[in-house]
Amino acid sequence: MDSLRYFFAENLIQLLGVEPEVLQLATVYFQILAIPSIIMALMFVLSSILRGTGDTKSPMKAVIIANVVNMVFDYLLIFGFLFIPPLGIVGAAIAGVLARVVGVGMLLYYVRKNDAIDLKKKQFRFNLQNQKDLLGLGAPAAGERLAMRIGQVVYFGFIVALGTSTFSAHQIAGNIETFSYMIAYGFAAAATIIVGRLVGAKQYEQAKSYAKLIALISASFMVFMGILLFIFGEWMGSFFTDDPVVQAEIGTALKIATFFQPFLAILLILTGAFQGARNTKFPMYLTTIGMWLIRTVFVYILAIQFELGIAGVWLAIGIDIVIRAVVLWYRVETDRWIKPEKKRSHKEELRCHCDPQTKQAQVSGCVNNY
């Protein structure tokens, strides 16, 4: 995947319809970041491992330090300092790589320090059953992200067709909105951990209650954040651009975003709950349908055909989010969301016995079912 991103960077960026002078710079930036993408993958994996043990503070610390490193090296490498020549866009990409290296280093330190994670050489032996379990859970989750990103490339092309100012407004509005749903991402991580443990203990009703409770708590926070977006959205956009037209479009986008913030919270939390319940396929199917048959189609109809511009784009995004959130809530409410664990054969049970008191596998390669 990294080699594809490196060699086809220019082709992928061209799909967005960018200007020729922007294309060259973007290609260089994309290629530099594509080379060490394995580092980003490690950041995701190590952060997930720590969160799985209930440690959500360590990944937060690592990300904060990585972002500080990124900002410092952005300044030093983009503009130059003392003996460091100004590198421009190349410097920005290198700063991103260095920040990721620092982040991975910190996460590795926290993993080794965590008493709940006992990494031994024998645990890294190839185990076919474990690999099947990982692929069964990981592949759909990766497919969901892939479907979302490809769908974004397609409807981004529609937005670019609306004009440079509209595309800029969309990007800036999206960056501002990110601050609002960071809260929901935090609750989603908690939902994955709590639901995963309860489902592992076969406490299905309690898992359902917690999933819904976390979703509602997160939605209440997002209502408050939505109100802030509605009131201060256009003003916050002024920090990113001096163009009054772009500022007005940012305000329009964020006012529309206000009304689907609670649904976005429910969508993110219940997606995390589904993943904790070992059901990663349904969110993948739902995301694919949402991005390709709902969001992309409605962006084309509302923004281009009905000529609603930025308002049409964000209405389409809101329609997609609301539909997916309602579907996930319905699946949870009707108890069609927890993937039953496959029963092991008698031979596997004998080979893979776990001590119910210590909850530790007695044989290497055993999957802990508790």
# chains A, B, ... in the order shown; residues from 1 in each chain; ligands from 1
$ select_by_dssp --residues "stretch 180-323 of chain A" --states "alpha helix (DSSP H)" --output "count of residues only"
114
$ atom_distance --atom1 "atom CA of A:Lys212" --atom2 "atom CA of A:Ile183"
16.1 Å
$ closest_residue --among "A:Gly272, A:Tyr210, A:Phe158, A:Ile193" --to "A:Glu307" --atoms "only C-alpha atoms"
A:Phe158
$ residues_around --residues "A:Arg145" --least-positions-apart "5" --cutoff "12 Å" --atoms "only C-alpha atoms" --output "CSV table (one decimal) with C-alpha atoms, in the first residue's frame"
chain,number,residue,atom,x,y,z
A,138,GLY,CA,-9.2,-6.1,11.2
A,139,ALA,CA,-10.0,-6.5,7.5
A,140,PRO,CA,-13.6,-5.1,7.7
A,150,ILE,CA,-12.2,6.7,-1.5
A,151,GLY,CA,-15.7,8.1,-1.2
A,152,GLN,CA,-14.2,11.4,0.1
A,280,THR,CA,-16.7,-5.0,12.3
A,281,LYS,CA,-18.4,-6.1,9.1
A,283,PRO,CA,-20.1,-0.8,10.2
A,284,MET,CA,-18.0,-1.4,7.0
A,285,TYR,CA,-21.1,-2.2,4.9
A,286,LEU,CA,-23.0,0.7,6.4
A,287,THR,CA,-20.1,3.2,5.8
A,288,THR,CA,-19.7,2.0,2.2
A,291,MET,CA,-20.4,7.2,1.5
$ closest_residue --among "A:Leu162, A:Ile319, A:Leu46, A:Val72" --to "A:Ile117" --atoms "only C-alpha atoms"
A:Leu46
$ closest_atom_pairs --of "stretch 228-283 of chain A" --to "stretch 196-206 of chain A" --cutoff "8 Å" --atoms "only C-alpha atoms" --output "CSV"
residue,atom,partner,partner_atom,distance
A:Ala273,CA,A:Gly196,CA,7.6
A:Gln275,CA,A:Gly196,CA,7.8
A:Gly276,CA,A:Gly196,CA,4.1
A:Ala277,CA,A:Gly196,CA,5.5
A:Arg278,CA,A:Gly196,CA,7.6
$ write_last_selection --atoms "N, CA, C and O atoms" --output "mmCIF file, in the first residue's frame"
data_model
loop_
_atom_site.group_PDB
_atom_site.id
_atom_site.type_symbol
_atom_site.label_atom_id
_atom_site.label_comp_id
_atom_site.auth_asym_id
_atom_site.auth_seq_id
_atom_site.Cartn_x
_atom_site.Cartn_y
_atom_site.Cartn_z
ATOM 1 N N ALA A 273 -18.735 0.716 19.670
ATOM 2 C CA ALA A 273 -19.393 -0.364 20.416
ATOM 3 C C ALA A 273 -19.489 -1.626 19.556
ATOM 4 O O ALA A 273 -19.267 -2.741 20.041
ATOM 5 N N GLN A 275 -17.476 -2.500 17.203
ATOM 6 C CA GLN A 275 -16.128 -3.067 17.126
ATOM 7 C C GLN A 275 -15.773 -3.796 18.414
ATOM 8 O O GLN A 275 -15.148 -4.856 18.385
ATOM 9 N N GLY A 276 -16.186 -3.235 19.555
ATOM 10 C CA GLY A 276 -15.958 -3.925 20.823
ATOM 11 C C GLY A 276 -16.736 -5.220 20.922
ATOM 12 O O GLY A 276 -16.324 -6.151 21.617
ATOM 13 N N ALA A 277 -17.856 -5.299 20.195
ATOM 14 C CA ALA A 277 -18.690 -6.503 20.188
ATOM 15 C C ALA A 277 -18.271 -7.476 19.080
ATOM 16 O O ALA A 277 -19.029 -8.376 18.734
ATOM 17 N N ARG A 278 -17.081 -7.287 18.518
ATOM 18 C CA ARG A 278 -16.508 -8.157 17.491
ATOM 19 C C ARG A 278 -17.280 -8.092 16.165
ATOM 20 O O ARG A 278 -17.129 -8.965 15.316
#
$ closest_residue --among "A:Asp133, A:Phe306, A:Thr27, A:Tyr300" --to "A:Phe156" --atoms "only C-alpha atoms"
A:Tyr300
$ residues_around --residues "A:Lys113" --least-positions-apart "5" --cutoff "12 Å" --atoms "only C-alpha atoms" --output "CSV table (one decimal) with C-alpha atoms, in the first residue's frame"
chain,number,residue,atom,x,y,z
A,50,LEU,CA,-2.8,0.6,25.4
A,55,ASP,CA,-4.9,3.1,29.6
A,58,SER,CA,-0.6,7.3,27.6
A,106,MET,CA,6.8,7.1,23.3
A,107,LEU,CA,4.1,4.5,22.7
A,108,LEU,CA,6.7,1.7,22.7
A,118,ASP,CA,3.4,-9.1,28.9
A,119,LEU,CA,5.4,-9.3,25.7
